[in-house]
$ cat protein_18.txt   # compact mmCIF, N, CA and C atoms
# COMPACT_ATOMS: atom_id res chain seq x y z
N MET A 1 141.58 80.70 238.68
CA MET A 1 140.48 80.79 237.73
C MET A 1 139.39 81.68 238.32
N ILE A 2 138.94 82.62 237.55
CA ILE A 2 137.89 83.55 237.96
C ILE A 2 136.57 83.08 237.37
N VAL A 3 135.54 83.01 238.21
CA VAL A 3 134.21 82.61 237.76
C VAL A 3 133.23 83.68 238.22
N ILE A 4 132.49 84.24 237.28
CA ILE A 4 131.47 85.24 237.59
C ILE A 4 130.11 84.57 237.49
N ASP A 5 129.34 84.65 238.57
CA ASP A 5 128.01 84.05 238.62
C ASP A 5 126.98 85.13 238.30
N ALA A 6 126.44 85.07 237.09
CA ALA A 6 125.47 86.08 236.65
C ALA A 6 124.20 86.06 237.50
N ALA A 7 123.89 84.94 238.14
CA ALA A 7 122.69 84.83 238.97
C ALA A 7 122.91 85.33 240.39
N SER A 8 124.14 85.63 240.74
CA SER A 8 124.45 86.06 242.10
C SER A 8 123.94 87.48 242.37
N PRO A 9 123.50 87.74 243.61
CA PRO A 9 123.11 89.11 243.96
C PRO A 9 124.33 90.02 244.14
N VAL A 10 125.52 89.42 244.21
CA VAL A 10 126.76 90.20 244.34
C VAL A 10 127.13 90.75 242.97
N PRO A 11 127.36 92.06 242.88
CA PRO A 11 127.70 92.66 241.58
C PRO A 11 128.95 92.01 240.97
N PRO A 12 129.01 91.92 239.65
CA PRO A 12 130.16 91.29 238.99
C PRO A 12 131.51 91.91 239.38
N PHE A 13 131.58 93.24 239.51
CA PHE A 13 132.87 93.84 239.86
C PHE A 13 133.32 93.36 241.23
N GLU A 14 132.37 93.16 242.16
CA GLU A 14 132.71 92.72 243.51
C GLU A 14 133.11 91.24 243.50
N GLN A 15 132.45 90.44 242.69
CA GLN A 15 132.85 89.04 242.56
C GLN A 15 134.29 88.96 242.05
N LEU A 16 134.60 89.75 241.03
CA LEU A 16 135.95 89.77 240.47
C LEU A 16 136.96 90.29 241.48
N ARG A 17 136.64 91.40 242.14
CA ARG A 17 137.55 92.00 243.12
C ARG A 17 137.84 91.00 244.24
N ALA A 18 136.79 90.36 244.76
CA ALA A 18 136.95 89.43 245.87
C ALA A 18 137.78 88.21 245.47
N GLN A 19 137.55 87.69 244.27
CA GLN A 19 138.29 86.51 243.84
C GLN A 19 139.77 86.84 243.61
N LEU A 20 140.05 87.99 243.00
CA LEU A 20 141.44 88.38 242.80
C LEU A 20 142.12 88.66 244.15
N ALA A 21 141.42 89.34 245.04
CA ALA A 21 141.98 89.63 246.36
C ALA A 21 142.31 88.33 247.09
N ARG A 22 141.43 87.37 247.03
CA ARG A 22 141.66 86.08 247.69
C ARG A 22 142.87 85.38 247.08
N GLN A 23 143.00 85.42 245.75
CA GLN A 23 144.14 84.79 245.09
C GLN A 23 145.46 85.48 245.44
N ILE A 24 145.40 86.79 245.64
CA ILE A 24 146.59 87.53 246.05
C ILE A 24 146.93 87.18 247.50
N GLN A 25 145.94 87.16 248.35
CA GLN A 25 146.17 86.91 249.77
C GLN A 25 146.62 85.48 250.05
N ASP A 26 146.16 84.53 249.26
CA ASP A 26 146.61 83.15 249.51
C ASP A 26 147.81 82.78 248.64
N HIS A 27 148.38 83.78 247.97
CA HIS A 27 149.61 83.64 247.18
C HIS A 27 149.44 82.78 245.93
N THR A 28 148.19 82.54 245.50
CA THR A 28 147.97 81.91 244.21
C THR A 28 148.52 82.84 243.13
N LEU A 29 148.33 84.14 243.34
CA LEU A 29 148.95 85.17 242.50
C LEU A 29 150.10 85.77 243.31
N ALA A 30 151.31 85.49 242.90
CA ALA A 30 152.49 85.94 243.64
C ALA A 30 152.78 87.41 243.39
N VAL A 31 153.50 88.01 244.33
CA VAL A 31 153.95 89.40 244.17
C VAL A 31 154.70 89.50 242.85
N GLY A 32 154.36 90.54 242.08
CA GLY A 32 155.02 90.78 240.80
C GLY A 32 154.31 90.17 239.61
N THR A 33 153.30 89.33 239.86
CA THR A 33 152.57 88.71 238.76
C THR A 33 151.85 89.78 237.96
N ARG A 34 152.00 89.73 236.64
CA ARG A 34 151.31 90.68 235.76
C ARG A 34 149.89 90.18 235.54
N LEU A 35 148.93 91.06 235.78
CA LEU A 35 147.52 90.71 235.56
C LEU A 35 147.15 90.96 234.10
N PRO A 36 146.11 90.29 233.63
CA PRO A 36 145.64 90.57 232.27
C PRO A 36 145.21 92.03 232.14
N THR A 37 145.29 92.56 230.94
CA THR A 37 144.80 93.92 230.74
C THR A 37 143.31 93.95 231.06
N ILE A 38 142.82 95.13 231.36
CA ILE A 38 141.39 95.28 231.66
C ILE A 38 140.54 94.79 230.49
N ARG A 39 140.91 95.20 229.29
CA ARG A 39 140.13 94.80 228.11
C ARG A 39 140.16 93.29 227.90
N ARG A 40 141.34 92.71 228.08
CA ARG A 40 141.48 91.26 227.87
C ARG A 40 140.64 90.48 228.89
N LEU A 41 140.75 90.87 230.17
CA LEU A 41 139.99 90.16 231.20
C LEU A 41 138.49 90.35 231.00
N ALA A 42 138.09 91.56 230.62
CA ALA A 42 136.67 91.82 230.36
C ALA A 42 136.17 90.90 229.24
N ALA A 43 136.95 90.78 228.18
CA ALA A 43 136.56 89.92 227.06
C ALA A 43 136.51 88.46 227.50
N ASP A 44 137.52 88.02 228.24
CA ASP A 44 137.57 86.62 228.69
C ASP A 44 136.39 86.26 229.59
N LEU A 45 135.97 87.22 230.43
CA LEU A 45 134.89 86.95 231.39
C LEU A 45 133.51 87.36 230.90
N GLY A 46 133.46 88.01 229.75
CA GLY A 46 132.18 88.48 229.23
C GLY A 46 131.61 89.64 230.03
N LEU A 47 132.51 90.48 230.56
CA LEU A 47 132.11 91.64 231.36
C LEU A 47 132.40 92.93 230.61
N ALA A 48 131.78 94.00 231.06
CA ALA A 48 132.07 95.32 230.51
C ALA A 48 133.45 95.76 230.98
N VAL A 49 134.14 96.51 230.15
CA VAL A 49 135.47 97.03 230.48
C VAL A 49 135.40 97.84 231.77
N ASN A 50 134.36 98.65 231.96
CA ASN A 50 134.23 99.46 233.17
C ASN A 50 134.08 98.61 234.43
N THR A 51 133.47 97.44 234.30
CA THR A 51 133.30 96.54 235.44
C THR A 51 134.66 96.05 235.92
N VAL A 52 135.49 95.59 234.99
CA VAL A 52 136.83 95.12 235.34
C VAL A 52 137.68 96.29 235.84
N GLY A 53 137.53 97.44 235.18
CA GLY A 53 138.28 98.63 235.62
C GLY A 53 137.96 99.01 237.05
N ARG A 54 136.71 98.91 237.44
CA ARG A 54 136.33 99.23 238.82
C ARG A 54 136.97 98.25 239.79
N ALA A 55 136.94 96.97 239.46
CA ALA A 55 137.56 95.96 240.33
C ALA A 55 139.05 96.23 240.48
N TYR A 56 139.74 96.54 239.38
CA TYR A 56 141.17 96.85 239.44
C TYR A 56 141.42 98.10 240.28
N ARG A 57 140.61 99.13 240.11
CA ARG A 57 140.78 100.37 240.90
C ARG A 57 140.66 100.08 242.39
N GLU A 58 139.66 99.29 242.76
CA GLU A 58 139.47 98.98 244.18
C GLU A 58 140.62 98.14 244.73
N LEU A 59 141.14 97.24 243.91
CA LEU A 59 142.31 96.45 244.34
C LEU A 59 143.54 97.35 244.49
N GLU A 60 143.65 98.32 243.61
CA GLU A 60 144.78 99.25 243.70
C GLU A 60 144.66 100.14 244.93
N GLU A 61 143.44 100.62 245.21
CA GLU A 61 143.21 101.43 246.41
C GLU A 61 143.51 100.65 247.68
N ALA A 62 143.29 99.34 247.65
CA ALA A 62 143.57 98.47 248.80
C ALA A 62 145.04 98.11 248.90
N GLY A 63 145.82 98.50 247.89
CA GLY A 63 147.25 98.21 247.90
C GLY A 63 147.60 96.80 247.45
N LEU A 64 146.65 96.09 246.87
CA LEU A 64 146.91 94.72 246.45
C LEU A 64 147.53 94.63 245.06
N ILE A 65 147.23 95.62 244.22
CA ILE A 65 147.86 95.66 242.90
C ILE A 65 148.38 97.08 242.66
N GLU A 66 149.25 97.20 241.69
CA GLU A 66 149.74 98.51 241.28
C GLU A 66 149.76 98.55 239.77
N THR A 67 149.42 99.71 239.22
CA THR A 67 149.41 99.89 237.79
C THR A 67 150.65 100.68 237.41
N ARG A 68 151.38 100.17 236.45
CA ARG A 68 152.62 100.79 236.00
C ARG A 68 152.45 101.34 234.59
N GLY A 69 151.50 102.25 234.45
CA GLY A 69 151.26 102.87 233.15
C GLY A 69 150.98 101.85 232.07
N SER A 70 151.65 102.00 230.93
CA SER A 70 151.40 101.10 229.80
C SER A 70 151.97 99.70 230.03
N ALA A 71 152.78 99.52 231.08
CA ALA A 71 153.34 98.18 231.38
C ALA A 71 152.27 97.25 231.93
N GLY A 72 151.20 97.81 232.49
CA GLY A 72 150.11 96.98 232.99
C GLY A 72 149.95 97.01 234.50
N SER A 73 149.16 96.09 235.00
CA SER A 73 148.87 95.98 236.43
C SER A 73 149.53 94.73 236.98
N PHE A 74 150.10 94.87 238.18
CA PHE A 74 150.87 93.80 238.80
C PHE A 74 150.45 93.62 240.25
N VAL A 75 150.61 92.40 240.76
CA VAL A 75 150.38 92.15 242.18
C VAL A 75 151.45 92.91 242.95
N SER A 76 151.00 93.68 243.93
CA SER A 76 151.88 94.58 244.68
C SER A 76 152.47 93.91 245.90
N ALA A 77 153.69 94.30 246.22
CA ALA A 77 154.31 93.85 247.47
C ALA A 77 153.67 94.54 248.66
N ALA A 78 153.00 95.66 248.44
CA ALA A 78 152.37 96.40 249.53
C ALA A 78 151.30 95.57 250.22
N GLY A 79 150.64 94.69 249.49
CA GLY A 79 149.63 93.82 250.09
C GLY A 79 150.24 92.91 251.14
N GLU A 80 151.44 92.41 250.87
CA GLU A 80 152.15 91.55 251.83
C GLU A 80 152.54 92.37 253.05
N LYS A 81 153.00 93.59 252.83
CA LYS A 81 153.38 94.46 253.95
C LYS A 81 152.16 94.77 254.80
N GLY A 82 151.02 94.94 254.16
CA GLY A 82 149.78 95.20 254.90
C GLY A 82 149.40 94.03 255.78
N ARG A 83 149.55 92.81 255.26
CA ARG A 83 149.25 91.62 256.07
C ARG A 83 150.20 91.52 257.25
N GLU A 84 151.48 91.83 257.02
CA GLU A 84 152.45 91.79 258.12
C GLU A 84 152.07 92.82 259.20
N ARG A 85 151.66 94.00 258.75
CA ARG A 85 151.26 95.04 259.69
C ARG A 85 150.01 94.62 260.47
N ALA A 86 149.06 94.02 259.76
CA ALA A 86 147.84 93.55 260.42
C ALA A 86 148.17 92.46 261.44
N SER A 87 149.12 91.61 261.10
CA SER A 87 149.52 90.55 262.04
C SER A 87 150.14 91.14 263.30
N ARG A 88 150.97 92.17 263.14
CA ARG A 88 151.56 92.84 264.31
C ARG A 88 150.47 93.50 265.15
N ALA A 89 149.51 94.15 264.47
CA ALA A 89 148.42 94.81 265.20
C ALA A 89 147.58 93.77 265.96
N ALA A 90 147.36 92.61 265.34
CA ALA A 90 146.60 91.55 266.00
C ALA A 90 147.34 91.06 267.25
N ALA A 91 148.65 90.93 267.14
CA ALA A 91 149.44 90.49 268.30
C ALA A 91 149.35 91.51 269.43
N GLU A 92 149.42 92.79 269.07
CA GLU A 92 149.29 93.85 270.08
C GLU A 92 147.91 93.82 270.71
N TYR A 93 146.88 93.64 269.89
CA TYR A 93 145.50 93.56 270.39
C TYR A 93 145.36 92.38 271.35
N ALA A 94 145.92 91.24 270.96
CA ALA A 94 145.85 90.05 271.81
C ALA A 94 146.51 90.31 273.16
N ALA A 95 147.62 91.04 273.15
CA ALA A 95 148.30 91.35 274.41
C ALA A 95 147.43 92.25 275.29
N VAL A 96 146.78 93.24 274.68
CA VAL A 96 145.89 94.13 275.44
C VAL A 96 144.73 93.34 276.02
N ILE A 97 144.11 92.50 275.19
CA ILE A 97 142.98 91.69 275.63
C ILE A 97 143.37 90.81 276.82
N ALA A 98 144.53 90.19 276.74
CA ALA A 98 145.01 89.33 277.84
C ALA A 98 145.25 90.16 279.10
N SER A 99 145.80 91.36 278.92
CA SER A 99 146.14 92.18 280.09
C SER A 99 144.90 92.70 280.83
N VAL A 100 143.77 92.84 280.10
CA VAL A 100 142.55 93.32 280.76
C VAL A 100 141.58 92.19 281.10
N GLY A 101 141.97 90.95 280.79
CA GLY A 101 141.18 89.80 281.20
C GLY A 101 139.96 89.48 280.35
N ILE A 102 139.94 89.92 279.10
CA ILE A 102 138.82 89.59 278.21
C ILE A 102 139.13 88.26 277.52
N ASP A 103 138.12 87.36 277.47
CA ASP A 103 138.38 86.06 276.84
C ASP A 103 138.39 86.19 275.31
N ALA A 104 138.92 85.16 274.66
CA ALA A 104 139.12 85.17 273.21
C ALA A 104 137.81 85.37 272.44
N ASN A 105 136.74 84.71 272.88
CA ASN A 105 135.46 84.83 272.18
C ASN A 105 134.94 86.27 272.21
N GLU A 106 135.06 86.91 273.36
CA GLU A 106 134.62 88.30 273.48
C GLU A 106 135.52 89.21 272.64
N ALA A 107 136.81 88.95 272.63
CA ALA A 107 137.74 89.75 271.83
C ALA A 107 137.38 89.67 270.35
N ILE A 108 137.03 88.49 269.89
CA ILE A 108 136.64 88.31 268.48
C ILE A 108 135.33 89.04 268.21
N ARG A 109 134.38 88.98 269.14
CA ARG A 109 133.11 89.72 268.96
C ARG A 109 133.37 91.22 268.86
N ILE A 110 134.31 91.72 269.65
CA ILE A 110 134.64 93.16 269.61
C ILE A 110 135.17 93.53 268.23
N VAL A 111 136.09 92.72 267.70
CA VAL A 111 136.66 93.00 266.38
C VAL A 111 135.59 92.92 265.30
N LYS A 112 134.77 91.87 265.34
CA LYS A 112 133.70 91.72 264.34
C LYS A 112 132.75 92.90 264.38
N ALA A 113 132.39 93.34 265.57
CA ALA A 113 131.48 94.49 265.70
C ALA A 113 132.13 95.74 265.11
N ALA A 114 133.40 95.94 265.39
CA ALA A 114 134.10 97.12 264.86
C ALA A 114 134.13 97.09 263.34
N LEU A 115 134.42 95.94 262.76
CA LEU A 115 134.47 95.81 261.31
C LEU A 115 133.09 95.97 260.69
N THR A 116 132.09 95.39 261.32
CA THR A 116 130.72 95.46 260.80
C THR A 116 130.18 96.88 260.82
N ARG A 117 130.45 97.59 261.91
CA ARG A 117 129.96 98.97 262.03
C ARG A 117 130.81 99.96 261.25
N GLY A 118 131.92 99.49 260.73
CA GLY A 118 132.78 100.37 259.94
C GLY A 118 133.53 101.37 260.77
N ILE A 119 133.79 101.04 262.05
CA ILE A 119 134.50 102.00 262.88
C ILE A 119 136.00 101.77 262.84
N ALA A 120 136.42 100.76 262.07
CA ALA A 120 137.86 100.56 261.91
C ALA A 120 138.41 101.76 261.15
N VAL A 121 139.50 102.30 261.62
CA VAL A 121 140.07 103.49 261.00
C VAL A 121 140.93 103.10 259.82
N SER A 122 141.16 104.06 258.94
CA SER A 122 142.02 103.80 257.79
C SER A 122 143.44 103.55 258.27
N PRO A 123 144.24 102.82 257.46
CA PRO A 123 145.60 102.52 257.88
C PRO A 123 146.42 103.77 258.18
N ALA A 124 146.27 104.82 257.40
CA ALA A 124 147.04 106.04 257.64
C ALA A 124 146.65 106.69 258.97
N ALA A 125 145.36 106.65 259.29
CA ALA A 125 144.90 107.24 260.54
C ALA A 125 145.30 106.40 261.73
N ALA A 126 145.44 105.09 261.51
CA ALA A 126 145.78 104.20 262.62
C ALA A 126 147.26 104.26 262.98
N ASP A 127 148.09 104.67 262.02
CA ASP A 127 149.53 104.68 262.25
C ASP A 127 150.06 106.10 262.09
N PRO A 128 150.30 106.82 263.17
CA PRO A 128 150.73 108.20 263.07
C PRO A 128 152.03 108.37 262.30
N LYS A 129 152.87 107.33 262.24
CA LYS A 129 154.12 107.42 261.48
C LYS A 129 153.85 107.57 260.00
N GLU A 130 152.68 107.09 259.54
CA GLU A 130 152.37 107.14 258.12
C GLU A 130 151.45 108.31 257.78
N ALA A 131 151.10 109.11 258.74
CA ALA A 131 150.18 110.22 258.47
C ALA A 131 150.90 111.39 257.85
$ encode --input "protein_18.txt" --output "structure tokens"
Amino acid sequence: MIVIDAASPVPPFEQLRAQLARQIQDHTLAVGTRLPTIRRLAADLGLAVNTVGRAYRELEEAGLIETRGSAGSFVSAAGEKGRERASRAAAEYAAVIASVGIDANEAIRIVKAALTRGIAVSPAAADPKEA
């Protein structure tokens, strides 16, 4: 269930994007699930069509959904592959951290700082095989 809080300082498209992303990531929305059309979801939530369209575009750019022309938008298997890749990268990072003697709390601070400052590289740049 999607709930948009009109009083929230978070823009409606971001509330929608975040809630759908969370449902995809926790498998509430399974791979292959057909999402409502942009117009239908906009009407159901009382949002502008462009607001829902922006949320869908950002989800598609993140690889969480895919649009199949007139067939509609579906939860993508690429999101699952991305999580698997992130899990492998985390395991590699943990091995590096252990090998250089950094404790877990410091390792987490390093990751949080990298994410906060936006220095995390795009997936294509991080994996030369995909460049």
$ closest_residue --input "protein_18.txt" --among "A:Arg17, A:Ile110, A:Ala6, A:Gly101" --to "Ala55 of chain A" --atoms "all atoms listed in the file"
A:Arg17
$ axis_aligned_box --input "protein_18.txt" --around "segment 22-34 of chain A" --padding-each-side "6 Å" --output "JSON"
{"center_x": 148.2, "center_y": 86.3, "center_z": 242.8, "size_x": 25.6, "size_y": 20.9, "size_z": 26.5}
$ select_by_dssp --input "protein_18.txt" --residues "segment 65-118 of chain A" --states "alpha helix (DSSP H)" --output "PyMOL selection string"
chain A and resi 78-100+104-117
$ residues_around --input "protein_18.txt" --residues "Leu35 of chain A" --least-positions-apart "2" --cutoff "7 Å" --atoms "all atoms listed in the file" --output "PyMOL selection string"
chain A and resi 32-33+37-38+72-75
$ atom_distance --input "protein_18.txt" --atom1 "atom CA of Ser70 of chain A" --atom2 "atom CA of Arg34 of chain A"
12.0 Å
$ atom_distance --input "protein_18.txt" --atom1 "atom C of Ala77 of chain A" --atom2 "atom CA of Leu115 of chain A"
23.0 Å
$ atom_distance --input "protein_18.txt" --atom1 "atom N of Ala113 of chain A" --atom2 "atom CA of Gln25 of chain A"
21.9 Å
$ residues_around --input "protein_18.txt" --residues "Val52 of chain A" --least-positions-apart "3" --cutoff "7 Å" --atoms "only N, CA and C atoms" --output "list in words"
Pro12, Phe13, Ile38, Leu41, Ala42, Leu47, Ala48, Val49, Ala55, Tyr56 and Arg57 of chain A
$ residues_around --input "protein_18.txt" --residues "Gln23 of chain A" --least-positions-apart "4" --cutoff "12 Å" --atoms "only C-alpha atoms" --output "count of residues only"
18
$ select_by_dssp --input "protein_18.txt" --residues "chain A" --states "strand (DSSP E or B)" --output "list of chain:residue names"
A:Arg34, A:Ile65, A:Glu66, A:Thr67, A:Ser73, A:Phe74, A:Val75
